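What follows is one structure encoded as structure tokens, with my remarks underneath.
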Amino acid sequence: MNPFLAIDLPALLIAIAASVACALPGSLLVLRGQALLGDALSHMVLPGIVVAFLATGRIASGPMLLGALAAGLVGAGLIALVRRAAKLEASAAMGLVFTVLFALGVVLLETEAARKVDLDLNHALYGHLEAALWLEPRAWSDLAAPSIWLTAPRPLLMLVPVALALAVLLVLAYKELRLASFDPDYATLQGFRPRLIDFALTAATTLAAVAAFEAVGSILVIALLTCPAAIARLCTDRLGAHIGFSVLFATIIAVIGYNSAAQLETSGSGTIAAVGGLAVALAVIVRRLRLRVKPPVASPGNGPNTAVRPLRPGSA
Amino acid sequence: MLDALLLSAGYNAAVAMIGATLLGVAAGPVGVFMLLRRRALLADAASHATLPGIVLAFLVNLWLTGEGRSLPVLLAGAGAAAALGVLAVQALQANSRLSGPTAIAVVLSGAFGLGVVGLSYVQTLPVAGQAGLDQFLVGQTAGMRLADAYLIAGVAAVLVVVIALLFKELRLIAFDPEFAAAAGWPVQRLDLLANGLLLATVVVGLTSVGLVLIVAMLIIPAVTARLWTQKLGRMALLAAAFGGVSAYLGAAASAGIHHLPTGATIVLAAAALFAVSLPIAPLSRPRRAPTALEPPV
């Protein structure tokens with residue numbers, strides 16, 4: 001048995017697939033200043049996953065995806081409802097709803113039925129990246145056969161189609177997304193429905209979050225949704241490049257994070273999240289130093305202290 | 001369960017429950033001021049940032065004294081790390097064009113990741129006591145040592161007293177910091193104090209509610225109180241009451257029912273109060289809805 005093929009390769013592939021799947025919707029969330037929606041969704045899927053678990057009695061991708069998707073959308077609806085009924089600002093309504101749903105998930109986890117299956121709080125918070133084993137390929141040459149990929153660990157079989165589907169969606173809706181993200185009023189005038197895009201983005205984020213959830217846990221999902229996109233945000237103003245950079249940085253963070261975890265023998269998902277956070281800090285410092293060396297052309301909103309500068313519509 | 005409700009499920013459990021209740025009482029008004037200053041999810045970043053502080057304090061204490069687990073030391077580490085987390089969010093925002101939510105999400109997940117790395121390292125050490133470290137994730141008051149229970153209850157009581165004494169000042173900087181500055185109030189120091197109260201609440205709440213859910217105890221009772229009144233004084237009192245009641249009920253339920261995690265139960269109790277208030281409270285009806293918090297005239 002080749003230990004790299006059996007242990008490291010599946011975990012590494014899962015980490016990369018999870019990072020890319022999360023970076024796609026995450027890049028849009030960060031751009032739209034909705035990073036905390038990702039935070040909320042990654043917590044809110046927990047009760048959905050546990051209920052799907054309790055209903056089917058086993059870990060199965062289909063019911064879990066459905067349950068989590070339902071929980072994510074119900075949660076998003078609840079946020080809107082609470083926000084209106086209690087006249088709250090968005091972040092407070094989010095904080096209220098996601099903590100309550102997460103608490104519900106934690107309590108459900110402790111019921112008798114859930115304790116029998118292999119899912120506990122630690123698993124929900126930081127996943128089980130190391131548990132991915134792939135014993136079928138005995139040598140590198142085995143990977144050339146397409147059929148062997150069908151025996152890959154279940155998280156990978158769930159993450160790869162999700163990542164591909166999200167990428168296709170992103171390409172198809174690219175023009176609408178650009179317009180709705182930067183100029184919702186004009187988009188409405190043009191007959192697009194920003195609400196529909198909000199809904200689609202929520203659904204896409206939930207899908208990525210739940211596909212990644214089992215392998216890497218809810219906190220790493222937040223890191224994967226936010227950190228690569230935050231670095232990309234510092235690099236470019238063009239939407240296409242922003243998404244491309246997000247995916248690139250997501251892959252780099254996953255590889256460096258997983259390798260460090262393997263060297264240090266620490267938690268895989270925790271190390272990837274830590275590497276993500278440190279990478280953002282590094283990017284901010286590097287950008288700061290570059291600005292000091294070469295001050296940018298003075299134009300409104302181009303200073304280092306500008307909060308959020310909307311991208312130039314049409315520049316992508 | 002009934003035993004626990006009547007505080008007769010053992011002396012340690014009773015002290016721990018009183019501590020949790022006092023924490024709930026403090027978290028209510030602190031949450032009201034936090035919402036007024038629109039810092040709801042900054043507290044979430046601070047609370048997740050406590051994890052690496054807890055782990056580091058454990059390791060340093062282990063190295064210095066040979067025994068890692070000492071609640072005062074761990075909480076001191078947690079407090080320092082939470083303050084660093086808040087500073088990190090502010091630094092990210094000031095030095096880049098990342099928006100507030102992005103900065104919060106980056107710090108929250110990155111710091112928590114560091115904490116998880118530390119936890120997985122500590123678990124490989126051949127020492128005792130590390131198993132209890134992850135109790136800070138969702139809180140567990142059961143089995144708390146008496147000295148620790150006294151510490152938590154004592155700090156929570158001090159918090160309640162400080163909030164009561166400084167209520168006027170806190171109200172001033174929450175509503176009109178510019179006026180306060182013009183009138184000669186030490187606004188910066190008061191702002192620091194308000195942040196300090198927030199961090200202290202987060203740190204004290206680690207033992208009963210846990211770092212993942214403590215932000216709920218700041219948000220939910222405050223929001224519930226706002227459904228009932230627009231006057232800040234009453235709002236703070238109501239929030240304290242809602243926070244105290246839900247912490248008490250949640251802690252009692254988890255002490256009485258095996259396996260019920262304390263923090264999650266407390267949050268669900270607070271959510272129940274909110275859900276009951278929403279349809280019946282006077283200010284949640286759309287036709288009489290307030291626009292936002294109004295300063296009392």
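In the structure tokens, chains take the letters A, B, ... in the order shown, each chain's residues start at 1, and ligands count up from 1 in the order shown.
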Query - Neighbour list for Leu282 of chain A as a list in words, cut-off 12 Å, only C-alpha atoms, skip fewer than 5 positions in-chain - result: Cys227, Ala230, Ile231, Leu234, Val275, Gly276, Gly277, Arg287, Arg288 and Leu289 of chain A; Leu92, Asn95 and Ser96 of chain B
Write out, as a PDB file, in the first residue's frame, the residues just selected, with N, CA, C and O atoms.
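File produced: part_37.pdb:
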ATOM      1  N   CYS A 227     -11.510  33.836   3.145  1.00  0.00           N
ATOM      2  CA  CYS A 227     -10.090  34.221   3.054  1.00  0.00           C
ATOM      3  C   CYS A 227      -9.575  34.335   1.620  1.00  0.00           C
ATOM      4  O   CYS A 227      -8.972  35.358   1.271  1.00  0.00           O
ATOM      5  N   ALA A 230     -10.983  37.384   0.084  1.00  0.00           N
ATOM      6  CA  ALA A 230     -10.469  38.627   0.674  1.00  0.00           C
ATOM      7  C   ALA A 230      -9.121  38.983   0.053  1.00  0.00           C
ATOM      8  O   ALA A 230      -8.853  40.154  -0.244  1.00  0.00           O
ATOM      9  N   ILE A 231      -8.261  37.961  -0.161  1.00  0.00           N
ATOM     10  CA  ILE A 231      -6.962  38.242  -0.786  1.00  0.00           C
ATOM     11  C   ILE A 231      -7.182  38.709  -2.222  1.00  0.00           C
ATOM     12  O   ILE A 231      -6.571  39.683  -2.677  1.00  0.00           O
ATOM     13  N   LEU A 234      -7.953  42.224  -2.720  1.00  0.00           N
ATOM     14  CA  LEU A 234      -6.842  43.165  -2.616  1.00  0.00           C
ATOM     15  C   LEU A 234      -6.033  43.223  -3.906  1.00  0.00           C
ATOM     16  O   LEU A 234      -5.194  44.104  -4.087  1.00  0.00           O
ATOM     17  N   VAL A 275      -3.943  29.007   8.102  1.00  0.00           N
ATOM     18  CA  VAL A 275      -3.138  29.467   6.968  1.00  0.00           C
ATOM     19  C   VAL A 275      -3.929  30.519   6.179  1.00  0.00           C
ATOM     20  O   VAL A 275      -3.364  31.535   5.743  1.00  0.00           O
ATOM     21  N   GLY A 276      -5.239  30.298   6.021  1.00  0.00           N
ATOM     22  CA  GLY A 276      -6.063  31.276   5.310  1.00  0.00           C
ATOM     23  C   GLY A 276      -6.034  32.634   5.981  1.00  0.00           C
ATOM     24  O   GLY A 276      -5.805  33.659   5.328  1.00  0.00           O
ATOM     25  N   GLY A 277      -6.221  32.642   7.310  1.00  0.00           N
ATOM     26  CA  GLY A 277      -6.217  33.911   8.034  1.00  0.00           C
ATOM     27  C   GLY A 277      -4.861  34.598   7.948  1.00  0.00           C
ATOM     28  O   GLY A 277      -4.774  35.806   7.695  1.00  0.00           O
ATOM     29  N   ARG A 287       0.469  44.571   0.569  1.00  0.00           N
ATOM     30  CA  ARG A 287      -0.189  45.620  -0.215  1.00  0.00           C
ATOM     31  C   ARG A 287       0.106  46.988   0.390  1.00  0.00           C
ATOM     32  O   ARG A 287       0.350  47.967  -0.306  1.00  0.00           O
ATOM     33  N   ARG A 288       0.110  47.026   1.713  1.00  0.00           N
ATOM     34  CA  ARG A 288       0.397  48.268   2.428  1.00  0.00           C
ATOM     35  C   ARG A 288       1.806  48.768   2.103  1.00  0.00           C
ATOM     36  O   ARG A 288       2.030  49.934   1.818  1.00  0.00           O
ATOM     37  N   LEU A 289       2.761  47.835   2.114  1.00  0.00           N
ATOM     38  CA  LEU A 289       4.145  48.213   1.836  1.00  0.00           C
ATOM     39  C   LEU A 289       4.299  48.683   0.404  1.00  0.00           C
ATOM     40  O   LEU A 289       4.985  49.660   0.123  1.00  0.00           O
TER      41      LEU A 289
ATOM     42  N   LEU B  92      -7.397  45.263  10.154  1.00  0.00           N
ATOM     43  CA  LEU B  92      -7.705  44.826   8.782  1.00  0.00           C
ATOM     44  C   LEU B  92      -8.537  45.879   8.058  1.00  0.00           C
ATOM     45  O   LEU B  92      -8.320  46.179   6.892  1.00  0.00           O
ATOM     46  N   ASN B  95      -6.407  49.124   7.298  1.00  0.00           N
ATOM     47  CA  ASN B  95      -5.255  49.042   6.411  1.00  0.00           C
ATOM     48  C   ASN B  95      -5.541  48.403   5.062  1.00  0.00           C
ATOM     49  O   ASN B  95      -4.633  48.125   4.298  1.00  0.00           O
ATOM     50  N   SER B  96      -6.779  48.100   4.788  1.00  0.00           N
ATOM     51  CA  SER B  96      -7.072  47.520   3.485  1.00  0.00           C
ATOM     52  C   SER B  96      -8.462  47.971   3.109  1.00  0.00           C
ATOM     53  O   SER B  96      -9.139  48.653   3.846  1.00  0.00           O
TER      54      SER B  96
END
Closest-contact table, chain A side, partner chain B, 7 Å, counting only C-alpha atoms, as a Markdown table:
| residue | atom | partner | partner_atom | distance |
| --- | --- | --- | --- | --- |
| A:Val30 | CA | B:Thr102 | CA | 6.2 |
| A:Gly33 | CA | B:Ser99 | CA | 6.3 |
| A:Gln34 | CA | B:Pro101 | CA | 6.7 |
| A:Ala35 | CA | B:Thr102 | CA | 5.2 |
| A:Leu36 | CA | B:Pro101 | CA | 5.7 |
| A:Asp39 | CA | B:Ala105 | CA | 6.9 |
| A:Ala85 | CA | B:Ser284 | CA | 5.8 |
| A:Ala86 | CA | B:Ser284 | CA | 5.4 |
| A:Ser91 | CA | B:Ala40 | CA | 6.6 |
| A:Ala92 | CA | B:Ala40 | CA | 5.7 |
| A:Gly95 | CA | B:Ala216 | CA | 6.7 |
| A:Leu96 | CA | B:Ile220 | CA | 6.0 |
| A:Thr99 | CA | B:Ala216 | CA | 5.8 |
| A:Val100 | CA | B:Leu268 | CA | 6.2 |
| A:Ala103 | CA | B:Ala264 | CA | 4.4 |
| A:Leu104 | CA | B:Ala264 | CA | 6.9 |
| A:Val106 | CA | B:Ala264 | CA | 6.4 |
| A:Val107 | CA | B:Ala264 | CA | 6.4 |
| A:Glu110 | CA | B:His259 | CA | 6.2 |
| A:Ile219 | CA | B:Ser109 | CA | 5.8 |
| A:Leu220 | CA | B:Ser109 | CA | 6.5 |
| A:Ile222 | CA | B:Ser109 | CA | 6.1 |
| A:Ala223 | CA | B:Ser109 | CA | 5.0 |
| A:Thr226 | CA | B:Val106 | CA | 6.2 |
| A:Cys227 | CA | B:Val106 | CA | 5.8 |
| A:Ala230 | CA | B:Leu98 | CA | 6.8 |
| A:Thr266 | CA | B:Ser120 | CA | 5.4 |
| A:Ser267 | CA | B:Val117 | CA | 5.5 |
| A:Gly270 | CA | B:Gly113 | CA | 4.0 |
| A:Thr271 | CA | B:Val117 | CA | 5.7 |
| A:Ala273 | CA | B:Gly113 | CA | 4.7 |
| A:Ala274 | CA | B:Gly110 | CA | 4.5 |
| A:Gly276 | CA | B:Gly110 | CA | 6.3 |
| A:Gly277 | CA | B:Gly110 | CA | 4.1 |
| A:Val284 | CA | B:Ser96 | CA | 6.1 |
| A:Arg288 | CA | B:Asn95 | CA | 7.0 |
| A:Pro304 | CA | B:Ser96 | CA | 5.8 |
| A:Asn305 | CA | B:Ala94 | CA | 5.7 |
| A:Thr306 | CA | B:Arg97 | CA | 5.4 |
| A:Ala307 | CA | B:Arg97 | CA | 4.6 |
| A:Val308 | CA | B:Arg97 | CA | 5.3 |
Query - Residue nearest Gly210 of chain B - candidates B:Pro282, B:Gly243, B:Gly139, B:Pro177, atoms counted: only C-alpha atoms - result: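 Checking each candidate against Gly210 of chain B, we get B:Gly139 as the closest.
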**Report entry** DSSP helix (DSSP H, G or I) residues within segment 19-253 of chain B, listed as a PyMOL selection string
**Finding:** chain B and resi 19-36+42-65+71-95+100-122+130-138+146-165+167-175+177-182+187-208+214-228+232-253
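Every protein or nucleic acid residue with an atom no more than 7 Å from Phe136 of chain B, counting only C-alpha atoms and leaving out same-chain residues fewer than 6 positions away, appears here: Leu206, Thr207, Gly210 and Leu211 of chain B.
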Report task. Do a neighbour search on segment 239-247 of chain A at 9 Å with only C-alpha atoms, toss out local chain neighbours closer than 3 positions, and write the hits as a PyMOL selection string. Result -> chain A and resi 19-28+31+174+178+227-233+235-236+250-252+311+313+315-316
Report task. Considering only C-alpha atoms, state which residue in the set B:Ser254, B:Ser70, B:Gln135, B:Thr65 is at the smallest distance from Gly205 of chain B. Result ->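 Residue with the minimum atom-to-atom distance to Gly205 of chain B: B:Gln135.
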Requested in this report: Could you please determine the separation between atom CA of Arg238 of chain A and atom CA of Asp185 of chain A in Å, to one decimal place?
Outcome: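 Computed distance, atom CA of Arg238 of chain A to atom CA of Asp185 of chain A, equals 20.1 Å.
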